[in-house]
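> This one is upload29.cif, mmCIF, C-alpha atoms.
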```cif
data_run
loop_
_atom_site.label_atom_id
_atom_site.label_comp_id
_atom_site.auth_asym_id
_atom_site.auth_seq_id
_atom_site.Cartn_x
_atom_site.Cartn_y
_atom_site.Cartn_z
CA MET A 46 37.45 13.13 6.96
CA TYR A 47 35.74 12.49 10.31
CA ILE A 48 34.53 8.90 10.65
CA VAL A 49 32.60 7.30 13.51
CA VAL A 50 32.99 3.54 13.88
CA VAL A 51 30.48 1.74 16.11
CA GLY A 52 31.46 -1.67 17.47
CA GLY A 53 34.92 -2.66 18.66
CA GLY A 54 35.00 -6.30 17.61
CA LYS A 55 37.64 -7.57 15.22
CA VAL A 56 36.10 -5.74 12.27
CA GLY A 57 35.77 -2.43 14.14
CA TYR A 58 39.27 -2.68 15.53
CA TYR A 59 41.04 -3.34 12.24
CA LEU A 60 38.85 -0.84 10.42
CA THR A 61 39.76 1.87 12.94
CA ARG A 62 43.44 1.09 12.65
CA GLU A 63 43.39 1.19 8.86
CA LEU A 64 41.47 4.47 8.84
CA LEU A 65 43.91 6.05 11.28
CA ASP A 66 46.85 4.87 9.18
CA ALA A 67 45.21 6.50 6.17
CA GLY A 68 45.21 9.78 8.07
CA HIS A 69 41.52 10.09 8.93
CA GLU A 70 40.03 11.45 12.12
CA VAL A 71 38.31 8.48 13.75
CA VAL A 72 36.29 7.81 16.88
CA LEU A 73 35.40 4.26 17.91
CA LEU A 74 32.39 3.55 20.13
CA GLU A 75 32.50 0.32 22.13
CA LYS A 76 30.13 -0.32 25.02
CA ASP A 77 32.14 -3.00 26.80
CA PRO A 78 34.62 -1.12 29.06
CA ARG A 79 37.22 -3.90 29.07
CA ARG A 80 37.24 -4.24 25.32
CA ALA A 81 37.28 -0.45 24.93
CA ALA A 82 40.31 -0.15 27.26
CA GLN A 83 42.09 -2.92 25.41
CA ILE A 84 41.63 -1.18 22.05
CA ALA A 85 42.56 2.21 23.52
CA ASP A 86 45.92 0.70 24.59
CA GLU A 87 46.58 -0.12 20.95
CA VAL A 88 45.22 2.89 19.09
CA GLY A 89 45.16 5.73 21.65
CA SER A 90 42.47 7.83 23.25
CA ILE A 91 40.01 7.81 20.37
CA VAL A 92 37.90 5.05 21.94
CA LEU A 93 34.73 6.07 23.77
CA THR A 94 33.13 3.57 26.15
CA LEU A 95 29.61 4.24 24.99
CA ASP A 96 26.68 2.32 23.55
CA GLY A 97 26.43 3.67 20.02
CA CYS A 98 22.71 2.86 19.87
CA GLU A 99 21.86 5.51 22.46
CA GLY A 100 20.95 8.79 20.85
CA LYS A 101 22.73 10.94 23.40
CA HIS A 102 25.92 8.92 23.07
CA LEU A 103 25.99 9.47 19.35
CA ALA A 104 25.60 13.19 19.99
CA GLU A 105 28.49 13.04 22.50
CA ALA A 106 30.68 11.47 19.85
CA GLY A 107 30.03 14.48 17.61
CA ILE A 108 28.27 12.35 15.06
CA ASN A 109 26.57 15.38 13.53
CA ARG A 110 29.86 16.44 11.94
CA ALA A 111 30.82 12.91 10.76
CA ALA A 112 31.16 12.33 7.03
CA VAL A 113 30.72 8.58 7.45
CA VAL A 114 29.31 6.31 10.12
CA ALA A 115 30.25 2.64 9.96
CA ALA A 116 28.16 0.33 12.16
CA VAL A 117 30.08 -2.92 12.41
CA THR A 118 28.88 -4.62 15.60
CA GLY A 119 27.98 -8.30 15.47
CA ASP A 120 24.27 -7.55 15.84
CA ASP A 121 22.30 -6.62 12.75
CA GLU A 122 19.57 -4.79 14.68
CA ASP A 123 22.13 -2.60 16.44
CA ASN A 124 23.80 -1.75 13.13
CA LEU A 125 20.44 -0.81 11.62
CA VAL A 126 19.53 1.47 14.50
CA VAL A 127 22.94 3.19 14.53
CA CYS A 128 22.67 3.90 10.80
CA GLN A 129 19.06 5.09 10.94
CA MET A 130 19.75 7.39 13.89
CA ALA A 131 22.86 8.72 12.16
CA LYS A 132 21.08 9.25 8.87
CA HIS A 133 17.73 10.59 9.94
CA HIS A 134 18.37 12.16 13.34
CA PHE A 135 21.88 13.54 12.81
CA ALA A 136 21.92 13.96 9.01
CA VAL A 137 25.14 12.01 8.45
CA PRO A 138 25.70 11.89 4.68
CA ARG A 139 26.94 8.31 4.42
CA THR A 140 26.10 5.28 6.56
CA ILE A 141 27.57 1.81 6.28
CA ALA A 142 26.16 -1.27 8.01
CA ARG A 143 27.58 -4.73 8.47
CA VAL A 144 24.78 -7.26 8.02
CA ASN A 145 25.08 -10.92 8.95
CA ASN A 146 21.68 -12.13 7.80
CA PRO A 147 21.70 -11.63 4.02
CA LYS A 148 17.90 -11.52 4.07
CA TYR A 149 18.06 -8.10 5.74
CA GLU A 150 19.97 -6.48 2.89
CA ASP A 151 16.94 -5.22 1.00
CA LEU A 152 15.16 -4.03 4.13
CA PHE A 153 18.19 -2.10 5.36
CA ARG A 154 18.68 -0.53 1.96
CA HIS A 155 15.03 0.47 1.82
CA LEU A 156 15.26 1.98 5.30
CA GLY A 157 17.99 4.34 4.15
CA VAL A 158 21.29 2.62 4.98
CA ASP A 159 23.64 3.76 2.20
CA GLU A 160 26.02 0.86 2.05
CA ILE A 161 25.41 -2.70 3.20
CA ILE A 162 28.26 -5.12 3.68
CA SER A 163 27.25 -8.71 4.12
CA PRO A 164 30.14 -11.08 4.85
CA THR A 165 27.71 -13.98 4.56
CA ARG A 166 26.73 -12.93 1.05
CA MET A 167 30.35 -12.44 0.01
CA ILE A 168 31.41 -15.87 1.20
CA LEU A 169 28.31 -17.38 -0.38
CA ALA A 170 29.22 -15.77 -3.71
CA ALA A 171 32.77 -17.07 -3.43
CA VAL A 172 31.50 -20.58 -2.72
CA GLU A 173 28.99 -20.46 -5.58
CA GLN A 174 31.70 -19.36 -8.01
CA ASP A 175 33.45 -22.66 -7.47
CA ILE A 176 30.42 -24.83 -8.05
CA PRO A 177 29.52 -25.63 -11.67
CA VAL A 178 25.76 -25.55 -11.28
CA HIS A 179 23.01 -24.93 -13.75
CA GLU A 180 21.94 -21.92 -11.83
CA LEU A 181 22.32 -18.22 -12.18
CA LEU A 182 25.06 -16.68 -10.14
CA HIS A 183 24.06 -13.47 -8.35
CA LEU A 184 26.68 -10.78 -8.76
CA ALA A 185 24.91 -7.71 -7.43
CA ALA A 186 21.52 -6.27 -6.59
CA LEU A 187 20.50 -2.83 -7.83
CA GLU A 188 17.62 -0.47 -7.17
CA GLY A 189 16.95 -1.87 -3.73
CA GLY A 190 16.88 -5.45 -4.97
CA GLU A 191 14.45 -4.95 -7.84
CA LEU A 192 17.17 -5.57 -10.41
CA GLN A 193 19.72 -8.34 -10.32
CA VAL A 194 23.04 -8.53 -12.09
CA LEU A 195 23.57 -12.20 -12.90
CA GLU A 196 26.02 -14.51 -14.55
CA ALA A 197 24.71 -17.43 -16.59
CA GLN A 198 27.07 -20.07 -17.89
CA ILE A 199 25.98 -21.62 -21.18
CA GLN A 200 26.00 -25.41 -20.85
CA GLU A 201 26.08 -28.33 -23.25
CA GLY A 202 22.50 -28.58 -24.50
CA SER A 203 21.48 -25.07 -23.39
CA PRO A 204 18.92 -23.49 -25.75
CA ALA A 205 21.23 -20.50 -26.34
CA VAL A 206 24.05 -22.56 -27.92
CA GLY A 207 24.67 -21.56 -31.55
CA ARG A 208 22.18 -18.73 -31.44
CA GLN A 209 22.37 -14.98 -31.71
CA PRO A 210 20.90 -12.60 -29.11
CA ARG A 211 17.82 -11.78 -31.25
CA GLU A 212 16.97 -15.48 -31.51
CA ILE A 213 16.66 -15.71 -27.77
CA ASP A 214 13.24 -14.96 -26.37
CA LEU A 215 14.16 -12.80 -23.42
CA PRO A 216 11.54 -11.89 -20.85
CA ASP A 217 10.68 -8.18 -20.67
CA GLY A 218 13.02 -6.25 -18.46
CA CYS A 219 16.05 -8.48 -19.13
CA SER A 220 19.10 -7.48 -21.04
CA LEU A 221 22.34 -9.25 -21.84
CA PHE A 222 25.30 -6.98 -21.88
CA ILE A 223 28.66 -8.68 -21.46
CA LEU A 224 30.03 -11.99 -22.60
CA VAL A 225 33.02 -13.61 -20.93
CA ARG A 226 34.69 -16.10 -23.26
CA ASP A 227 38.13 -17.59 -22.57
CA GLU A 228 38.48 -15.14 -19.69
CA VAL A 229 38.04 -12.15 -22.00
CA ALA A 230 35.08 -9.81 -21.53
CA GLN A 231 33.40 -8.51 -24.66
CA ALA A 232 30.22 -6.61 -25.46
CA ILE A 233 27.35 -8.71 -26.75
CA ARG A 234 26.67 -7.68 -30.37
CA PRO A 235 23.79 -8.62 -32.66
CA ASP A 236 26.11 -11.04 -34.50
CA THR A 237 27.48 -12.71 -31.37
CA ILE A 238 26.89 -16.47 -31.44
CA PHE A 239 26.72 -18.11 -28.02
CA GLN A 240 28.93 -21.13 -27.35
CA VAL A 241 29.19 -23.74 -24.64
CA GLY A 242 31.22 -22.31 -21.75
CA ASP A 243 30.31 -18.69 -22.42
CA LYS A 244 29.47 -16.70 -19.36
CA VAL A 245 26.76 -14.16 -20.02
CA ILE A 246 26.40 -11.21 -17.68
CA ALA A 247 22.79 -10.11 -17.66
CA ILE A 248 20.64 -7.65 -15.84
CA THR A 249 17.09 -8.59 -15.06
CA ARG A 250 14.09 -7.77 -12.96
CA THR A 251 14.09 -10.12 -10.00
CA GLU A 252 10.81 -11.80 -10.97
CA CYS A 253 12.15 -12.67 -14.46
CA GLU A 254 15.10 -14.68 -13.20
CA ALA A 255 13.48 -18.05 -13.76
CA ALA A 256 12.45 -17.22 -17.35
CA LEU A 257 15.92 -15.89 -18.12
CA ARG A 258 17.51 -19.02 -16.72
CA GLN A 259 15.23 -21.19 -18.86
CA GLU A 260 16.11 -19.30 -22.07
CA LEU A 261 19.86 -19.18 -21.54
CA ILE A 262 20.74 -22.32 -19.62
CA GLY A 263 17.71 -24.56 -19.96
CA GLU A 264 17.11 -27.70 -17.96
CA PRO A 265 20.09 -29.45 -16.43
CA LEU A 266 21.28 -32.36 -18.55
CA PRO A 267 20.55 -35.83 -17.24
CA GLU A 268 23.53 -37.64 -15.77
CA PRO A 269 25.33 -39.63 -18.47
CA PRO A 270 24.84 -43.37 -18.10
CA ALA A 271 27.70 -45.01 -16.24
CA MET B 336 -8.71 -8.28 14.66
CA ARG B 337 -5.63 -10.45 14.07
CA ALA B 338 -2.71 -9.44 16.26
CA MET B 339 0.82 -10.68 16.78
CA ILE B 340 2.86 -10.00 19.90
CA VAL B 341 6.59 -10.67 20.07
CA GLY B 342 8.00 -11.02 23.57
CA CYS B 343 5.92 -12.85 26.15
CA GLY B 344 7.12 -10.90 29.18
CA ARG B 345 4.76 -9.37 31.70
CA VAL B 346 3.47 -6.76 29.27
CA GLY B 347 3.30 -9.11 26.28
CA ALA B 348 1.49 -11.83 28.22
CA TRP B 349 -0.92 -9.34 29.79
CA LEU B 350 -1.77 -7.83 26.42
CA ALA B 351 -2.15 -11.26 24.79
CA ASP B 352 -4.57 -12.39 27.50
CA ARG B 353 -6.49 -9.14 27.25
CA LEU B 354 -6.86 -9.24 23.44
CA ALA B 355 -7.71 -12.96 23.36
CA GLY B 356 -10.25 -12.38 26.16
CA GLU B 357 -11.95 -9.78 23.97
CA GLY B 358 -12.31 -12.36 21.23
CA HIS B 359 -9.41 -11.30 19.00
CA GLU B 360 -7.16 -13.73 17.19
CA VAL B 361 -3.77 -13.51 18.92
CA THR B 362 -0.39 -15.11 18.24
CA VAL B 363 2.42 -14.66 20.80
CA LEU B 364 6.00 -15.30 19.81
CA ASP B 365 8.92 -15.79 22.17
CA VAL B 366 12.33 -17.45 21.94
CA SER B 367 11.65 -19.31 25.16
CA THR B 368 8.69 -21.60 25.78
CA GLN B 369 9.15 -20.90 29.52
CA ALA B 370 7.85 -17.41 28.86
CA PHE B 371 4.47 -18.81 27.84
CA ARG B 372 3.87 -19.78 31.50
CA ARG B 373 2.98 -16.14 32.03
CA LEU B 374 -0.14 -16.62 29.92
CA GLN B 375 -3.33 -17.52 31.70
CA ALA B 376 -4.49 -21.13 31.48
CA SER B 377 -7.56 -19.85 29.66
CA PHE B 378 -5.47 -18.18 26.89
CA SER B 379 -7.17 -19.08 23.63
CA GLY B 380 -4.60 -17.79 21.14
CA ASN B 381 -1.46 -19.34 19.65
CA ALA B 382 1.89 -19.40 21.38
CA VAL B 383 4.79 -19.97 18.99
CA ARG B 384 8.43 -20.41 19.86
CA GLY B 385 10.68 -18.46 17.50
CA ASP B 386 12.88 -15.44 16.85
CA GLY B 387 10.72 -12.50 15.83
CA THR B 388 13.58 -10.76 14.03
CA ASP B 389 13.55 -13.54 11.43
CA GLU B 390 11.21 -12.73 8.56
CA ALA B 391 10.66 -16.43 7.79
CA VAL B 392 9.58 -17.08 11.39
CA LEU B 393 7.13 -14.16 11.29
CA ARG B 394 5.66 -15.47 8.04
CA ARG B 395 5.27 -19.00 9.40
CA ALA B 396 3.63 -17.62 12.52
CA GLY B 397 1.06 -15.91 10.27
CA LEU B 398 1.99 -12.23 10.16
CA ASP B 399 0.73 -11.90 6.57
CA GLY B 400 -2.56 -10.05 6.72
CA ALA B 401 -2.38 -9.26 10.44
CA ASP B 402 -4.00 -6.03 11.65
CA ALA B 403 -1.63 -5.23 14.49
CA PHE B 404 1.93 -6.05 15.55
CA PHE B 405 3.50 -5.39 18.94
CA ALA B 406 7.28 -5.67 19.37
CA LEU B 407 7.71 -5.96 23.15
CA THR B 408 11.01 -7.75 23.74
CA GLU B 409 13.67 -6.42 26.11
CA GLY B 410 15.82 -5.18 23.24
CA ASP B 411 14.96 -1.74 21.88
CA ASN B 412 16.80 -2.39 18.65
CA ARG B 413 15.25 -5.78 18.09
CA ASN B 414 11.85 -4.16 18.56
CA VAL B 415 12.74 -1.45 16.07
CA LEU B 416 13.90 -3.99 13.50
CA MET B 417 10.82 -6.18 13.92
CA ALA B 418 8.31 -3.35 13.77
CA GLN B 419 9.94 -2.09 10.56
CA LEU B 420 9.84 -5.61 9.11
CA ALA B 421 6.14 -5.80 9.98
CA VAL B 422 5.45 -2.51 8.20
CA GLU B 423 7.76 -2.93 5.22
CA SER B 424 7.63 -6.64 4.44
CA PHE B 425 4.15 -7.50 5.68
CA GLY B 426 2.28 -4.21 5.33
CA VAL B 427 0.84 -4.44 8.84
CA PRO B 428 -1.17 -1.22 9.32
CA ARG B 429 -0.51 -0.83 13.04
CA ALA B 430 2.95 -1.83 14.24
CA VAL B 431 4.22 -0.69 17.62
CA ALA B 432 7.78 -0.91 18.94
CA LYS B 433 8.55 -0.68 22.63
CA ILE B 434 11.61 1.56 22.89
CA ASN B 435 12.87 2.38 26.35
CA ASP B 436 15.47 4.95 25.26
CA PRO B 437 13.49 8.23 25.00
CA VAL B 438 15.74 9.69 22.26
CA ARG B 439 15.35 6.63 20.07
CA ALA B 440 11.62 6.46 20.76
CA GLU B 441 11.14 10.02 19.57
CA ALA B 442 13.38 9.51 16.54
CA TYR B 443 11.44 6.45 15.43
CA SER B 444 8.03 8.10 15.76
CA ALA B 445 9.41 10.71 13.40
CA LEU B 446 10.56 7.88 11.13
CA GLY B 447 7.05 6.53 10.88
CA ILE B 448 6.62 3.70 13.36
CA ALA B 449 4.41 3.80 16.42
CA THR B 450 6.44 3.73 19.62
CA VAL B 451 5.84 3.30 23.30
CA CYS B 452 8.47 4.41 25.82
CA ARG B 453 8.22 2.86 29.29
CA THR B 454 10.85 5.24 30.68
CA VAL B 455 8.86 8.37 29.86
CA MET B 456 5.45 6.90 30.73
CA LEU B 457 6.49 5.52 34.08
CA GLY B 458 8.74 8.45 35.01
CA ASP B 459 5.99 10.89 34.14
CA ALA B 460 3.36 9.01 36.12
CA LEU B 461 5.58 9.15 39.21
CA ALA B 462 6.53 12.80 38.72
CA GLU B 463 2.89 13.72 38.25
CA TYR B 464 1.97 11.96 41.49
CA VAL B 465 4.18 14.37 43.38
CA GLY B 466 2.82 17.38 41.54
CA LEU B 467 5.08 17.88 38.51
CA PRO B 468 3.54 18.64 35.11
CA PRO B 469 3.74 15.87 32.48
CA ALA B 470 6.85 16.04 30.33
CA GLY B 471 6.26 13.44 27.67
CA PRO B 472 3.68 11.35 25.83
CA HIS B 473 1.43 9.12 27.93
CA GLY B 474 0.65 6.28 25.59
CA VAL B 475 1.60 4.96 22.23
CA VAL B 476 3.05 7.74 20.10
CA ALA B 477 1.52 7.47 16.66
CA PRO B 478 3.90 7.88 13.75
CA THR B 479 4.59 11.56 13.14
CA GLY B 480 6.49 10.95 9.90
CA ASN B 481 6.42 8.63 6.94
CA HIS B 482 8.08 5.28 7.09
CA GLY B 483 11.05 4.46 4.89
CA PRO B 484 12.80 6.83 2.54
CA HIS B 485 10.38 6.15 -0.31
CA GLY B 486 7.34 8.09 0.79
CA PRO B 487 4.27 7.37 2.87
CA VAL B 488 3.38 3.95 4.14
CA ASP B 489 -0.02 2.71 3.04
CA ALA B 490 -1.84 2.96 6.34
CA GLY B 491 -4.94 1.43 4.83
CA GLY B 492 -3.22 -1.93 4.77
CA ASP B 493 -5.31 -3.23 1.92
CA GLY B 494 -2.67 -3.00 -0.79
#
```
Translate the structure of the given file into structure tokens.

Amino acid sequence: MYIVVVGGGKVGYYLTRELLDAGHEVVLLEKDPRRAAQIADEVGSIVLTLDGCEGKHLAEAGINRAAVVAAVTGDDEDNLVVCQMAKHHFAVPRTIARVNNPKYEDLFRHLGVDEIISPTRMILAAVEQDIPVHELLHLAALEGGELQVLEAQIQEGSPAVGRQPREIDLPDGCSLFILVRDEVAQAIRPDTIFQVGDKVIAITRTECEAALRQELIGEPLPEPPA
Amino acid sequence: MRAMIVGCGRVGAWLADRLAGEGHEVTVLDVSTQAFRRLQASFSGNAVRGDGTDEAVLRRAGLDGADAFFALTEGDNRNVLMAQLAVESFGVPRAVAKINDPVRAEAYSALGIATVCRTVMLGDALAEYVGLPPAGPHGVVAPTGNHGPHGPVDAGGDG
């Protein structure tokens, strides 16, 4: 598979090396000549000292026959432009962008970037997983951000405790599909009874998140008196 | 008309003064307050310090409901990102990105945002002066395609 990587920072460098090791044909575009020379010493003559945002440079790199373009520079706007040019001007089937500002994810997706990797979002998710909060944990966004896959942990005093799915007044466009109890995942059945500590994986329209949270988790409990 | 200009360089400042002078409501955004010195003392619009690629900054500066948006910073890609934000997230009916790379400028007109390319305009003006025929567009190139992968952008701006 022919893959064009744009951006020779740490991410671009290690990505290129891994792809080469896996036997792919790779070209790396890095505009800084010193950095490009440094990487070329390590990985060979597959590094082009070119600005991947310039249309004619992408053409020079033979981007029109690439199966994948991965834009992994440190600048979100550059990654967007590389992917849009690749996708719409050169008809590359699959484009991948690194995005630092998680707020851009939906926009980039809407503008035709196929795959969006947000390190910020990933670290945020890892941090949130360690914090026992009365909030919904975002696992993934689907359909360009219109649908959210969420995890809700049933708390002491949550309205869902001791109830079955049909007794819960779910907002339209929400569905509960998996229950994680004692680290085992199981389908949610009509006779499932929710218990404290259950993690419920749900899918919901973004605007229904608050209502879903209210029905499953409820208000946070007041701090116990000291 | 309500207009927002990002990038208070020579062009941005000139345009801001011009629009404000005609009685339009103008907000200029720049990351450096020094840049606002380029505005005339009589400038009657708003000058806001902030990064125009940040959606929250654009919202605070009042882009919701604006009629026109001009992305005129020195970075082609920043301008592209901002103009697309203006169209997609704020529904601004007329958003223009200054793109100095002719290939990118042409590609983005086809992708549905208005573009202006200084390289082609200036180069053409000079070539014409010495008798060559014009090679490229002279002004703002209106979108020749639809914006985004999901069909036409509502150019009416009322939705």
> Evaluated on this file, the PyMOL selection byres ((chain B) within 12 of (chain A)) picks out some residues - which ones are they, written as a VMD selection string?
chain B and resid 387 to 391 410 to 425 434 to 448 480 to 486
> On this structure, which residues satisfy the PyMOL selection byres ((chain A and resi 47-54) around 7), written as a VMD selection string?
chain A and resid 46 55 to 58 69 to 75 97 108 111 to 118
> How many Å separate atom CA of Thr94 of chain A from atom CA of Leu64 of chain A?
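Atom CA of Leu64 of chain A lies 19.2 Å from atom CA of Thr94 of chain A.
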> Specify as a ChimeraX atom specification each residue included when the PyMOL selection byres ((chain A and resi 145) around 8) is applied to this file.
/A:119-121,143-144,146-147,163-165
> Quick one: everything within 9 Å of Leu184 of chain A, counting only C-alpha atoms, minus sequence neighbours fewer than 2 positions away in the same chain. Send it as a list in words.
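Contacts, in chain order: Ala170, Leu182, Ala186, Gln193, Val194, Leu195, Glu196 and Ile246 of chain A.
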> Rounded to one decimal place, report the atom CA of Ala355 of chain B-atom CA of Gln369 of chain B distance in Å.
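Calculated distance between atom CA of Ala355 of chain B and atom CA of Gln369 of chain B is 19.6 Å.
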> Pick the closest to Leu364 of chain B from B:Asp352, B:Asp386, B:Asp402, B:Asp459: which is it, counting all atoms listed in the file?
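Ranking B:Asp352, B:Asp386, B:Asp402, B:Asp459 by distance to Leu364 of chain B, first place goes to B:Asp386.
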> Report, in Å with one decimal, the straight-line distance from atom CA of Leu95 of chain A to atom CA of Leu407 of chain B.
24.2 Å
> For Phe404 of chain B, find every residue with an atom within 10 Å (counting all atoms listed in the file), except residues of its own chain fewer than 6 positions away, and show them as an MDAnalysis selection string.
chainID B and resid 337:341 361:362 398 417:418 421:422 427:432
> Which one of B:Gly458, B:Gly342, B:Gly426, B:Gly466 sits closest to Arg373 of chain B if you count all atoms listed in the file?
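Checking each of B:Gly458, B:Gly342, B:Gly426, B:Gly466 against Arg373 of chain B, counting all atoms listed in the file, the winner is B:Gly342.
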